[in-house]
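Everything below belongs to model.txt, which stores compact mmCIF, C-alpha atoms.
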# COMPACT_ATOMS: atom_id res chain seq x y z
CA MET G 1 18.67 0.69 -6.32
CA ARG G 2 16.22 -2.10 -6.94
CA THR G 3 18.60 -4.75 -5.57
CA HIS G 4 19.35 -2.67 -2.47
CA SER G 5 15.66 -1.98 -1.91
CA ARG G 6 14.75 -5.65 -2.25
CA GLN G 7 17.45 -6.68 0.21
CA ARG G 8 16.22 -4.09 2.69
CA ASN G 9 12.65 -5.29 2.28
CA LEU G 10 13.85 -8.89 2.53
CA LYS G 11 15.42 -8.15 5.91
CA PHE G 12 12.35 -6.35 7.24
CA ILE G 13 9.91 -8.99 6.05
CA ALA G 14 12.02 -11.86 7.34
CA ILE G 15 12.31 -10.32 10.78
CA SER G 16 8.62 -9.61 11.00
CA ASN G 17 7.30 -13.00 9.93
CA LEU G 18 8.73 -16.51 9.68
CA ILE G 19 6.64 -17.88 6.86
CA PHE G 20 3.94 -20.09 8.36
CA TRP G 21 3.57 -22.46 5.44
CA LEU G 22 7.31 -23.02 5.36
CA SER G 23 7.18 -23.82 9.07
CA LEU G 24 4.27 -26.14 8.49
CA TYR G 25 6.03 -28.21 5.87
CA THR G 26 9.23 -28.11 7.91
CA VAL G 27 7.58 -29.65 10.96
CA ILE G 28 5.10 -32.10 9.55
CA GLY G 29 7.28 -33.01 6.59
CA GLN G 30 10.18 -34.21 8.70
CA SER G 31 8.54 -37.58 9.20
CA LYS G 32 8.83 -38.15 5.45
CA GLU G 33 12.60 -37.68 5.17
CA LEU G 34 15.65 -38.11 7.36
CA LEU G 35 17.68 -34.89 7.40
CA VAL G 36 21.43 -34.91 7.99
CA ASP G 37 21.57 -31.82 10.16
CA ARG G 38 23.74 -29.80 12.49
CA ILE G 39 23.68 -26.63 14.55
CA ILE G 40 25.28 -23.69 12.72
CA VAL G 41 24.40 -20.84 15.11
CA LYS G 42 23.75 -20.66 18.86
CA VAL G 43 22.00 -17.60 20.30
CA ASP G 44 21.86 -18.06 24.06
CA ASP G 45 19.58 -21.11 24.48
CA TYR G 46 18.29 -20.92 20.92
CA ILE G 47 19.74 -22.54 17.81
CA VAL G 48 19.70 -22.25 14.01
CA LEU G 49 20.05 -25.54 12.14
CA LYS G 50 21.60 -25.95 8.72
CA SER G 51 18.24 -27.30 7.52
CA ASP G 52 16.57 -24.05 8.71
CA LEU G 53 18.94 -22.04 6.54
CA GLU G 54 18.58 -24.22 3.45
CA ARG G 55 14.78 -24.43 3.59
CA THR G 56 14.39 -20.68 4.14
CA TYR G 57 16.89 -19.95 1.37
CA LEU G 58 14.94 -22.13 -1.08
CA GLU G 59 11.71 -20.46 0.00
CA TYR G 60 13.04 -17.02 -0.94
CA LEU G 61 14.28 -18.31 -4.29
CA SER G 62 10.81 -19.74 -4.97
CA GLN G 63 9.33 -16.30 -4.26
CA GLY G 64 11.45 -14.72 -6.99
CA GLU G 65 14.39 -13.38 -4.98
CA VAL G 66 17.54 -13.21 -7.11
CA ASN G 67 20.73 -14.66 -5.62
CA SER G 68 23.38 -12.03 -6.21
CA GLY G 69 25.89 -14.10 -4.23
CA THR G 70 24.91 -12.81 -0.80
CA LEU G 71 21.35 -14.10 -0.46
CA ARG G 72 22.25 -17.14 1.65
CA CYS G 73 24.17 -14.88 4.05
CA LYS G 74 21.27 -12.46 4.19
CA VAL G 75 18.91 -15.31 5.02
CA LEU G 76 21.25 -16.57 7.74
CA GLU G 77 21.49 -13.06 9.18
CA ASN G 78 17.69 -12.86 9.27
CA LEU G 79 17.46 -16.19 11.10
CA VAL G 80 20.05 -15.02 13.64
CA ILE G 81 18.17 -11.75 14.16
CA ASN G 82 14.97 -13.73 14.74
CA LYS G 83 16.68 -15.79 17.44
CA LEU G 84 18.16 -12.60 18.93
CA LEU G 85 14.68 -11.13 19.12
CA VAL G 86 13.41 -14.22 20.94
CA ALA G 87 16.39 -14.28 23.32
CA LYS G 88 16.05 -10.57 24.09
CA ALA G 89 12.30 -10.99 24.61
CA GLU G 90 13.10 -13.53 27.34
CA ILE G 91 15.63 -11.16 28.92
CA ASP G 92 13.22 -8.19 28.70
CA SER G 93 10.26 -10.27 29.99
CA VAL G 94 8.23 -9.81 26.79
CA ILE G 95 5.44 -12.37 27.12
CA VAL G 96 3.09 -13.89 24.56
CA LEU G 97 0.25 -15.81 26.19
CA ASP G 98 -0.42 -19.41 25.18
CA GLU G 99 -4.10 -18.50 24.66
CA GLU G 100 -3.09 -15.90 22.07
CA VAL G 101 -0.87 -18.45 20.32
CA GLN G 102 -3.66 -21.04 20.30
CA ASN G 103 -6.14 -18.55 18.84
CA ASN G 104 -3.68 -17.65 16.11
CA LEU G 105 -2.95 -21.30 15.40
CA ASP G 106 -6.69 -22.09 15.23
CA GLN G 107 -7.15 -19.33 12.62
CA ARG G 108 -4.26 -20.63 10.54
CA MET G 109 -5.49 -24.21 10.71
CA SER G 110 -8.97 -23.08 9.67
CA TYR G 111 -7.49 -21.26 6.69
CA MET G 112 -5.38 -24.27 5.73
CA ILE G 113 -8.42 -26.54 5.92
CA SER G 114 -10.43 -24.13 3.73
CA GLN G 115 -7.64 -24.12 1.13
CA ILE G 116 -6.82 -27.85 1.10
CA GLY G 117 -10.34 -29.19 1.46
CA SER G 118 -11.04 -30.99 4.71
CA PRO G 119 -9.34 -32.10 7.95
CA LYS G 120 -9.39 -35.72 6.75
CA GLU G 121 -7.45 -34.84 3.58
CA ILE G 122 -4.76 -33.09 5.65
CA GLU G 123 -4.53 -35.98 8.10
CA ALA G 124 -4.36 -38.56 5.30
CA TYR G 125 -1.58 -36.73 3.50
CA TYR G 126 0.65 -36.18 6.53
CA GLY G 127 -0.25 -39.37 8.37
CA LYS G 128 -1.05 -37.45 11.56
CA ASN G 129 -4.25 -36.15 13.12
CA LEU G 130 -4.85 -32.42 13.44
CA SER G 131 -4.13 -32.45 17.17
CA GLN G 132 -0.64 -33.84 16.53
CA ILE G 133 0.02 -31.32 13.77
CA GLU G 134 -1.11 -28.44 16.00
CA GLU G 135 1.02 -29.69 18.88
CA GLU G 136 4.11 -29.77 16.66
CA LEU G 137 3.40 -26.29 15.27
CA PHE G 138 2.57 -24.60 18.58
CA ASP G 139 6.14 -23.68 19.57
CA GLN G 140 6.95 -22.34 16.11
CA VAL G 141 3.85 -20.16 16.04
CA LYS G 142 4.68 -18.92 19.54
CA GLU G 143 8.20 -17.99 18.46
CA GLN G 144 6.78 -16.16 15.46
CA LYS G 145 4.40 -14.18 17.69
CA ILE G 146 7.28 -13.25 20.01
CA ILE G 147 9.33 -12.05 17.04
CA GLU G 148 6.42 -9.92 15.79
CA THR G 149 5.85 -8.46 19.27
CA MET G 150 9.52 -7.57 19.69
CA GLN G 151 9.71 -5.98 16.26
CA ARG G 152 6.62 -3.87 16.94
CA THR G 153 8.16 -2.79 20.25
CA ILE G 154 11.42 -1.73 18.59
CA THR G 155 9.85 0.11 15.65
CA SER G 156 6.57 1.32 17.20
CA ASP G 157 7.58 4.99 17.17
CA VAL G 158 8.95 5.06 13.61
CA ARG G 159 7.09 7.42 11.27
CA VAL G 160 7.86 9.13 7.97
CA THR G 161 6.89 12.69 7.02
CA PRO G 162 5.95 13.82 3.51
CA SER G 163 9.33 15.54 3.39
CA GLU G 164 11.13 12.28 4.17
CA VAL G 165 9.13 10.44 1.51
CA LYS G 166 10.10 13.09 -1.03
CA GLN G 167 13.77 12.85 -0.03
CA PHE G 168 13.61 9.06 -0.29
CA PHE G 169 12.11 9.33 -3.78
CA ASN G 170 14.61 11.93 -4.96
CA LYS G 171 17.54 9.72 -3.93
CA ILE G 172 16.42 6.98 -6.29
CA PRO G 173 18.39 7.25 -9.59
CA LYS G 174 16.02 8.10 -12.41
CA ASP G 175 17.04 5.01 -14.36
CA SER G 176 16.26 2.84 -11.31
CA LEU G 177 12.75 4.11 -10.54
CA PRO G 178 10.39 1.17 -10.01
CA TYR G 179 7.89 0.44 -12.75
CA PHE G 180 4.39 -0.18 -11.43
CA SER G 181 1.85 -2.34 -13.20
CA THR G 182 -1.78 -1.41 -13.81
CA VAL G 183 -3.72 -0.45 -10.69
CA VAL G 184 -7.48 -0.17 -10.41
CA GLN G 185 -10.13 1.10 -8.04
CA VAL G 186 -12.59 -1.74 -7.66
CA GLY G 187 -15.26 -2.19 -5.03
CA GLN G 188 -17.66 -4.93 -4.07
CA LEU G 189 -20.90 -5.11 -2.12
CA VAL G 190 -21.44 -8.60 -0.72
CA MET G 191 -24.74 -10.03 0.47
CA LYS G 192 -24.75 -13.42 2.15
CA PRO G 193 -27.98 -15.47 2.26
CA GLU G 194 -29.21 -15.78 5.84
CA PRO G 195 -30.81 -19.06 7.00
CA GLY G 196 -34.52 -18.66 7.60
CA SER G 197 -36.51 -19.78 10.62
CA LYS G 198 -36.96 -23.32 9.26
CA GLN G 199 -33.20 -23.82 8.95
CA LEU G 200 -32.55 -22.35 12.40
CA GLY G 201 -35.12 -24.65 13.96
CA LYS G 202 -33.55 -27.65 12.23
CA VAL G 203 -30.15 -26.93 13.81
CA GLU G 204 -31.65 -26.32 17.25
CA ARG G 205 -33.42 -29.68 17.14
CA GLN G 206 -30.22 -31.42 16.03
CA LEU G 207 -28.26 -29.96 18.96
CA LEU G 208 -31.02 -30.90 21.39
CA GLU G 209 -30.82 -34.49 20.14
CA ILE G 210 -27.04 -34.46 20.60
CA ARG G 211 -27.47 -32.99 24.09
CA GLY G 212 -29.95 -35.71 25.01
CA SER G 213 -27.62 -38.47 23.81
CA ILE G 214 -24.80 -37.07 25.96
CA LEU G 215 -26.95 -36.62 29.08
CA ARG G 216 -28.35 -40.14 28.76
CA GLY G 217 -24.81 -41.51 28.53
CA LYS G 218 -25.28 -42.95 25.05
CA GLU G 219 -22.48 -40.79 23.62
CA THR G 220 -19.57 -38.79 25.01
CA PHE G 221 -19.24 -35.07 24.41
CA GLU G 222 -15.83 -35.62 22.81
CA ASN G 223 -17.11 -38.14 20.26
CA MET G 224 -20.10 -35.97 19.34
CA ALA G 225 -17.86 -32.94 18.90
CA ARG G 226 -15.51 -34.84 16.60
CA ARG G 227 -18.48 -36.11 14.60
CA TYR G 228 -20.66 -33.01 14.33
CA SER G 229 -18.82 -29.83 15.31
CA GLU G 230 -18.13 -27.44 12.45
CA ASP G 231 -15.45 -25.53 14.34
CA PRO G 232 -12.30 -26.72 12.50
CA GLY G 233 -10.06 -25.46 15.28
CA SER G 234 -11.63 -27.36 18.18
CA GLY G 235 -13.73 -30.07 16.55
CA SER G 236 -10.79 -32.42 16.05
CA ARG G 237 -9.88 -31.91 19.72
CA GLY G 238 -13.28 -33.08 20.93
CA GLY G 239 -14.54 -29.50 21.13
CA GLN G 240 -11.83 -28.42 23.58
CA LEU G 241 -11.16 -24.68 23.88
CA PRO G 242 -8.39 -22.96 25.89
CA PHE G 243 -8.96 -20.56 28.79
CA TYR G 244 -10.62 -17.29 27.76
CA LYS G 245 -11.38 -14.12 29.65
CA ARG G 246 -14.30 -11.73 29.34
CA GLY G 247 -14.40 -9.85 26.05
CA GLU G 248 -12.59 -12.48 23.99
CA LEU G 249 -15.57 -14.54 22.79
CA ALA G 250 -19.08 -13.81 21.56
CA ALA G 251 -21.15 -12.13 24.28
CA GLU G 252 -23.84 -14.84 24.22
CA PHE G 253 -21.21 -17.57 24.60
CA GLU G 254 -19.54 -15.77 27.52
CA GLU G 255 -22.82 -15.09 29.29
CA ALA G 256 -23.69 -18.78 29.19
CA ALA G 257 -20.22 -19.89 30.31
CA MET G 258 -20.11 -17.41 33.21
CA THR G 259 -23.54 -18.39 34.57
CA MET G 260 -23.28 -22.19 34.24
CA GLU G 261 -22.17 -24.67 36.88
CA VAL G 262 -18.96 -26.62 36.27
CA GLY G 263 -19.86 -29.78 34.34
CA GLU G 264 -23.19 -28.36 33.19
CA LEU G 265 -24.28 -28.77 29.57
CA SER G 266 -26.06 -25.76 28.06
CA MET G 267 -29.10 -25.59 25.85
CA PRO G 268 -28.31 -24.49 22.25
CA ILE G 269 -26.75 -20.99 22.35
CA LYS G 270 -27.00 -18.76 19.26
CA THR G 271 -24.11 -16.44 18.27
CA ASP G 272 -23.06 -14.84 14.99
CA PHE G 273 -21.06 -18.01 14.30
CA GLY G 274 -23.96 -20.43 14.63
CA TYR G 275 -25.45 -22.55 17.42
CA HIS G 276 -23.29 -23.90 20.25
CA LEU G 277 -23.69 -26.68 22.78
CA ILE G 278 -21.39 -25.63 25.65
CA GLU G 279 -19.94 -27.56 28.56
CA LEU G 280 -18.26 -25.50 31.30
CA GLN G 281 -15.13 -27.28 32.55
CA GLU G 282 -13.45 -24.74 34.81
CA ARG G 283 -13.83 -21.13 35.93
CA ARG G 284 -11.15 -18.96 37.56
CA GLY G 285 -12.40 -15.49 38.37
CA ASN G 286 -13.08 -13.80 35.03
CA THR G 287 -11.52 -16.61 32.99
CA PHE G 288 -13.13 -19.86 31.96
CA ARG G 289 -12.41 -23.03 30.01
CA THR G 290 -15.08 -24.79 27.98
CA ARG G 291 -15.62 -27.22 25.18
CA HIS G 292 -18.33 -26.79 22.60
CA ILE G 293 -20.06 -28.27 19.60
CA LEU G 294 -20.76 -25.75 16.83
CA ILE G 295 -23.29 -26.31 14.09
CA ILE G 296 -23.75 -23.61 11.47
CA PRO G 297 -27.26 -23.24 9.95
CA LYS G 298 -27.27 -23.46 6.14
CA PRO G 299 -29.58 -21.27 4.02
CA SER G 300 -32.24 -23.00 1.96
CA ALA G 301 -32.78 -22.45 -1.77
CA TYR G 302 -35.50 -19.95 -0.85
CA ASP G 303 -33.10 -18.04 1.43
CA ILE G 304 -30.50 -17.89 -1.35
CA ASN G 305 -33.00 -16.57 -3.89
CA LEU G 306 -34.21 -13.93 -1.41
CA ALA G 307 -30.67 -12.60 -0.93
CA GLU G 308 -30.23 -12.16 -4.68
CA ILE G 309 -33.52 -10.22 -4.91
CA LYS G 310 -32.50 -7.93 -2.02
CA LEU G 311 -29.11 -7.21 -3.60
CA ASP G 312 -30.74 -6.38 -6.93
CA SER G 313 -32.99 -3.87 -5.12
CA ILE G 314 -29.90 -2.19 -3.61
CA ARG G 315 -28.32 -2.08 -7.09
CA ASN G 316 -31.35 -0.21 -8.44
CA LEU G 317 -31.10 2.34 -5.61
CA ILE G 318 -27.44 2.93 -6.53
CA LEU G 319 -28.21 3.30 -10.24
CA ASP G 320 -31.04 5.72 -9.43
CA SER G 321 -28.62 7.79 -7.27
CA VAL G 322 -30.77 7.26 -4.18
CA ILE G 323 -27.65 6.01 -2.40
CA SER G 324 -23.97 5.99 -3.38
CA PHE G 325 -22.05 2.76 -3.85
CA ARG G 326 -19.75 3.65 -0.94
CA ALA G 327 -22.63 4.29 1.44
CA ALA G 328 -24.46 1.14 0.33
CA ALA G 329 -21.33 -0.98 0.85
CA LYS G 330 -20.82 0.43 4.35
CA ASP G 331 -24.46 -0.15 5.27
CA PHE G 332 -25.18 -3.51 3.63
CA SER G 333 -22.00 -5.39 2.68
CA VAL G 334 -21.07 -8.33 4.91
CA ASP G 335 -17.47 -8.37 3.70
CA LYS G 336 -15.58 -6.82 6.61
CA GLU G 337 -12.33 -6.43 4.67
CA THR G 338 -13.87 -4.00 2.18
CA SER G 339 -17.06 -2.58 3.73
CA SER G 340 -15.19 -0.14 5.99
CA ASN G 341 -13.52 1.28 2.85
CA GLY G 342 -16.84 1.87 1.13
CA GLY G 343 -16.53 -1.54 -0.52
CA PHE G 344 -13.16 -0.84 -2.15
CA TYR G 345 -10.18 -3.17 -2.14
CA THR G 346 -6.97 -1.78 -0.68
CA GLY G 347 -3.48 -2.28 -2.04
CA SER G 348 -0.43 -3.31 -0.02
CA ASP G 349 0.29 0.40 0.55
CA GLY G 350 -3.07 0.94 2.22
CA SER G 351 -4.52 3.05 -0.58
CA LEU G 352 -7.85 2.35 -2.32
CA ARG G 353 -5.95 1.22 -5.40
CA ILE G 354 -4.94 -2.35 -6.01
CA SER G 355 -2.64 -3.93 -8.57
CA VAL G 356 -4.51 -6.08 -11.06
CA GLU G 357 -2.15 -8.94 -10.14
CA GLN G 358 -3.49 -8.82 -6.56
CA LEU G 359 -7.13 -9.14 -7.60
CA ASP G 360 -8.93 -12.40 -7.12
CA PRO G 361 -8.97 -14.09 -10.58
CA ASN G 362 -12.79 -14.04 -10.69
CA ILE G 363 -12.79 -10.30 -9.95
CA PHE G 364 -10.03 -9.69 -12.50
CA PHE G 365 -11.83 -11.45 -15.35
CA THR G 366 -15.09 -9.68 -14.47
CA VAL G 367 -13.46 -6.24 -14.39
CA ASP G 368 -11.65 -7.00 -17.64
CA THR G 369 -15.03 -7.02 -19.42
CA MET G 370 -16.35 -3.84 -17.73
CA SER G 371 -16.13 -0.18 -18.59
CA ILE G 372 -14.97 2.36 -16.02
CA GLY G 373 -17.87 3.58 -13.88
CA SER G 374 -20.05 0.51 -14.43
CA LEU G 375 -21.79 -1.71 -11.89
CA THR G 376 -22.53 -5.41 -12.39
CA GLN G 377 -25.70 -7.34 -11.83
CA PRO G 378 -25.70 -9.54 -8.67
CA LEU G 379 -23.04 -12.21 -9.23
CA LYS G 380 -23.11 -15.55 -7.44
CA PHE G 381 -19.81 -16.73 -5.91
CA SER G 382 -18.32 -18.83 -3.12
CA MET G 383 -16.85 -17.10 -0.08
CA LYS G 384 -13.60 -18.22 1.59
CA ASP G 385 -15.52 -20.53 3.92
CA GLY G 386 -17.22 -22.17 0.93
CA THR G 387 -20.66 -20.64 1.52
CA THR G 388 -22.71 -19.16 -1.32
CA ALA G 389 -23.08 -15.38 -1.58
CA PHE G 390 -23.84 -12.63 -4.10
CA ARG G 391 -21.96 -9.43 -4.88
CA LEU G 392 -22.05 -6.29 -6.96
CA ILE G 393 -18.75 -5.18 -8.48
CA PHE G 394 -18.11 -1.49 -9.11
CA TYR G 395 -15.27 -0.49 -11.46
CA GLN G 396 -14.42 3.11 -10.58
CA ASP G 397 -10.99 3.87 -12.04
CA ARG G 398 -7.83 2.54 -13.72
CA ILE G 399 -4.24 3.80 -13.83
CA PRO G 400 -2.15 2.21 -16.62
CA PRO G 401 1.42 0.88 -16.14
CA HIS G 402 3.86 3.68 -15.34
CA GLN G 403 7.16 4.62 -13.78
CA ALA G 404 6.90 5.64 -10.12
CA ASN G 405 5.99 9.24 -9.34
CA LEU G 406 4.99 11.04 -6.16
CA ARG G 407 1.56 12.09 -7.40
CA ASP G 408 0.22 8.63 -8.30
CA ASP G 409 2.30 6.44 -6.00
CA TYR G 410 2.77 8.41 -2.78
CA GLN G 411 1.34 5.65 -0.55
CA LYS G 412 3.61 2.98 -2.01
CA LEU G 413 6.67 5.21 -1.79
CA ALA G 414 5.77 6.13 1.80
CA GLU G 415 5.62 2.41 2.63
CA TYR G 416 9.05 1.85 1.07
CA ALA G 417 10.50 4.84 2.95
CA LEU G 418 9.00 3.63 6.23
CA ASN G 419 10.39 0.12 5.78
CA ALA G 420 13.82 1.55 4.96
CA LYS G 421 13.72 3.68 8.12
CA LYS G 422 12.62 0.72 10.21
CA GLY G 423 15.34 -1.38 8.63
CA LYS G 424 18.01 1.12 9.70
CA LEU G 425 16.65 1.11 13.24
CA LEU G 426 16.68 -2.69 13.32
CA ASP G 427 20.28 -2.64 12.05
CA LYS G 428 21.22 -0.45 15.02
CA TRP G 429 19.28 -2.71 17.38
CA PHE G 430 21.09 -5.77 15.98
CA GLU G 431 24.51 -4.15 16.46
CA LYS G 432 23.69 -3.43 20.10
CA ALA G 433 21.88 -6.71 20.87
CA LYS G 434 24.57 -9.01 19.52
CA GLY G 435 26.91 -7.56 22.15
CA GLU G 436 24.44 -8.33 24.94
CA VAL G 437 23.53 -11.90 23.98
CA PHE G 438 25.82 -14.90 23.48
CA VAL G 439 26.09 -15.64 19.76
CA ASP G 440 28.28 -18.40 18.31
CA VAL G 441 28.43 -18.87 14.53
CA ASP G 442 29.87 -22.02 12.94
CA PRO G 443 33.29 -21.13 11.42
CA ALA G 444 32.06 -22.56 8.10
CA TYR G 445 29.88 -19.45 7.83
CA ASP G 446 32.49 -16.87 8.83
CA TYR G 447 32.46 -15.64 5.23
CA CYS G 448 29.01 -14.14 5.90
CA LYS G 449 30.61 -11.81 8.50
CA ILE G 450 27.37 -11.69 10.47
CA MET G 451 29.08 -10.72 13.72
CA LYS G 452 31.35 -8.21 11.99

Could you rewrite the structure in this file as structure tokens?
Amino acid sequence: MRTHSRQRNLKFIAISNLIFWLSLYTVIGQSKELLVDRIIVKVDDYIVLKSDLERTYLEYLSQGEVNSGTLRCKVLENLVINKLLVAKAEIDSVIVLDEEVQNNLDQRMSYMISQIGSPKEIEAYYGKNLSQIEEELFDQVKEQKIIETMQRTITSDVRVTPSEVKQFFNKIPKDSLPYFSTVVQVGQLVMKPEPGSKQLGKVERQLLEIRGSILRGKETFENMARRYSEDPGSGSRGGQLPFYKRGELAAEFEEAAMTMEVGELSMPIKTDFGYHLIELQERRGNTFRTRHILIIPKPSAYDINLAEIKLDSIRNLILDSVISFRAAAKDFSVDKETSSNGGFYTGSDGSLRISVEQLDPNIFFTVDTMSIGSLTQPLKFSMKDGTTAFRLIFYQDRIPPHQANLRDDYQKLAEYALNAKKGKLLDKWFEKAKGEVFVDVDPAYDYCKIMK
């Protein structure tokens, strides 16, 4: 049962998402080695290379998948299904806009930069600038977005009822029931130091100096953006942004862009992201294209100390039962991922319980020293973007390791049942689609029986 379940989940996950990091190393790593390659599958105008199969196969092995003898064939089938989805999207006129792809790519590049260190470190390692890397990744990210859109379209109406979840659970042999590790209910309330008026004024003056240098012709906008902009997505491109339409950017940014003359350079514009210097390049109805320089104000030592004092005051209100932890997290926490859940982390099944293995190591080691029901003092930590913040950690509950049961693990079992149901629907879709689209598999892979 476990092997069958993992294969089913493997198929569903592979269809839904070609792993970005694998794609990244595939594209930008090709300059480092010469691959002896060939086409092994053609799906209309799309192809699967032998190197695609081998790299994806190794990726699954690295993630702990066990090769029972059919894994390589399963991986190849997933790659073919992905190409089928893209080919059918073209036939069915399913469109993913380039602007959407660029936004997604910008987010991924920002995350990569935050994990690796800096744009210069990435460029030095791969011997390419960020613009070149983004250009090479664009088509792959677009294909991934098309695959995700098609999958959502095919499975959008799939639901499972409590009765179906129970039937799914009862069909699992008792000796094959999954064994779940320890899960906990842990919440956090995050307070981020806000830059005071002195820091805001400092950034405004800096942008005004940059603006003056550009207007006087001493510097170009592009050079100043590369030098000073703290937007990792556009800074390396000289501040260049794609076309946007109303409602897609911060209101203050849009208002400035929609009221400026083409070629005009704005005064510093404040948004939740920081201060922007904006140049309007083109406007078409309700869409516009700009470039910008973003500088993010940094809190002073005084601002940081003030945030810690405020968070300690909130802690005292919670301990005195003036306000509950959930309510305080919703009202005061700046962490969007947890604040809507009353500060609590969510597991992969969507419940307010999370496996201890999924906890951030710093959270795990803190919780490991706490008793159930306790609340920490304000703890200093670094957020994903590297900025300093403080948080309270609340340890509400713990469920020890156990074999799966409907009472404690309904959400997880419902997720498994839903994925199994979606997998069956995708199987049916595949059987129909492969008869509507030209598919040619290299005879060397006939043993996989993909088309049979």

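Closest approach to Ile354 of chain G from the set G:Phe180, G:Tyr60, G:Trp429, G:Tyr111 is made by G:Phe180, with distances taken over all atoms listed in the file.
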
Within 12 Å of Tyr410 of chain G using only C-alpha atoms, minus same-chain residues under 5 positions, as a PyMOL selection string: chain G and resi 160-166+168-169+349-351+353+404-405+415-418

Within 10 Å of segment 375-385 of chain G: each segment 140-210 of chain G residue with its shortest pair, all atoms listed in the file, as a Markdown table:
| residue | atom | partner | partner_atom | distance |
| --- | --- | --- | --- | --- |
| G:Gly187 | CA | G:Leu375 | CA | 9.5 |
| G:Gln188 | CA | G:Leu375 | CA | 9.4 |
| G:Leu189 | CA | G:Pro378 | CA | 9.3 |
| G:Val190 | CA | G:Pro378 | CA | 9.1 |
| G:Met191 | CA | G:Pro378 | CA | 9.2 |
| G:Lys192 | CA | G:Met383 | CA | 9.0 |

Closest of G:Ala250, G:Val184, G:Leu319, G:Cys73 to Ile269 of chain G - atom-to-atom distances counting all atoms listed in the file: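 Going through G:Ala250, G:Val184, G:Leu319, G:Cys73 one by one, the smallest distance to Ile269 of chain G is for G:Ala250.
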
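One distance worth recording is that between atom CA of Arg289 of chain G and atom CA of Ser236 of chain G, which is 16.9 Å.
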
Among the residues G:Arg226, G:Lys310, G:Arg246, G:Arg38, the one that comes closest to Ser51 of chain G [using all atoms listed in the file]: G:Arg38

Two-atom distance - atom CA of Lys424 of chain G, atom CA of Arg407 of chain G (Å):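 Distance between the two atoms: 26.1 Å.
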
For Val356 of chain G, the nearest of the candidates G:Ile40, G:Ile399, G:Ile147, G:Met260, counting all atoms listed in the file: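 Among the listed residues, G:Ile399 lies closest to Val356 of chain G.
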
Best match for closeness to Lys120 of chain G among G:Ile295, G:Pro232, G:Tyr445, G:Leu215, counting all atoms listed in the file: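 Among the listed residues, the smallest separation from Lys120 of chain G belongs to G:Pro232.
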
Box in all listed atoms of segment 441-446 of chain G, axis-aligned, with 5 Å more on each side; write out centre and edge lengths in Å to one decimal as JSON.
{"center_x": 30.9, "center_y": -19.7, "center_z": 11.2, "size_x": 14.9, "size_y": 15.7, "size_z": 16.7}

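Between atom CA of Glu357 of chain G and atom CA of Arg72 of chain G there is a distance of 28.3 Å.
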
Of the listed residues G:Tyr125, G:Phe138, G:Tyr345, G:Phe364, that which approaches Val186 of chain G most closely, counting all atoms listed in the file: G:Tyr345

If I put a ball of radius 12 Å at (-14.9, -28.1, 35.0) in the file's coordinates, which residues poke into it when counting all atoms listed in the file, written as an mmCIF file with C-alpha atoms, in the frame of the given file?
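Final output, point_8.cif:
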data_model
loop_
_atom_site.group_PDB
_atom_site.id
_atom_site.type_symbol
_atom_site.label_atom_id
_atom_site.label_comp_id
_atom_site.auth_asym_id
_atom_site.auth_seq_id
_atom_site.Cartn_x
_atom_site.Cartn_y
_atom_site.Cartn_z
ATOM 1 C CA GLN G 240 -11.830 -28.420 23.580
ATOM 2 C CA PHE G 243 -8.960 -20.560 28.790
ATOM 3 C CA ALA G 257 -20.220 -19.890 30.310
ATOM 4 C CA MET G 260 -23.280 -22.190 34.240
ATOM 5 C CA GLU G 261 -22.170 -24.670 36.880
ATOM 6 C CA VAL G 262 -18.960 -26.620 36.270
ATOM 7 C CA GLY G 263 -19.860 -29.780 34.340
ATOM 8 C CA GLU G 264 -23.190 -28.360 33.190
ATOM 9 C CA LEU G 265 -24.280 -28.770 29.570
ATOM 10 C CA ILE G 278 -21.390 -25.630 25.650
ATOM 11 C CA GLU G 279 -19.940 -27.560 28.560
ATOM 12 C CA LEU G 280 -18.260 -25.500 31.300
ATOM 13 C CA GLN G 281 -15.130 -27.280 32.550
ATOM 14 C CA GLU G 282 -13.450 -24.740 34.810
ATOM 15 C CA ARG G 283 -13.830 -21.130 35.930
ATOM 16 C CA ARG G 284 -11.150 -18.960 37.560
ATOM 17 C CA PHE G 288 -13.130 -19.860 31.960
ATOM 18 C CA ARG G 289 -12.410 -23.030 30.010
ATOM 19 C CA THR G 290 -15.080 -24.790 27.980
ATOM 20 C CA ARG G 291 -15.620 -27.220 25.180
#

Neighbours of point (-40.7, -18.5, 6.1) within 12 Å, using only C-alpha atoms, written as a list in words: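 With a cut-off of 12 Å, the residues come to Glu194, Pro195, Gly196, Ser197, Lys198, Gln199, Leu200, Gly201, Pro299, Ser300, Ala301, Tyr302, Asp303 and Leu306 of chain G.
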
Exercise: Asn103 of chain G partners within 9 Å, all atoms listed in the file, chain neighbours under 5 positions left out, as a list in words: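 Here the qualifying residues turn out to be Asp98, Arg108, Gly233 and Pro242 of chain G.
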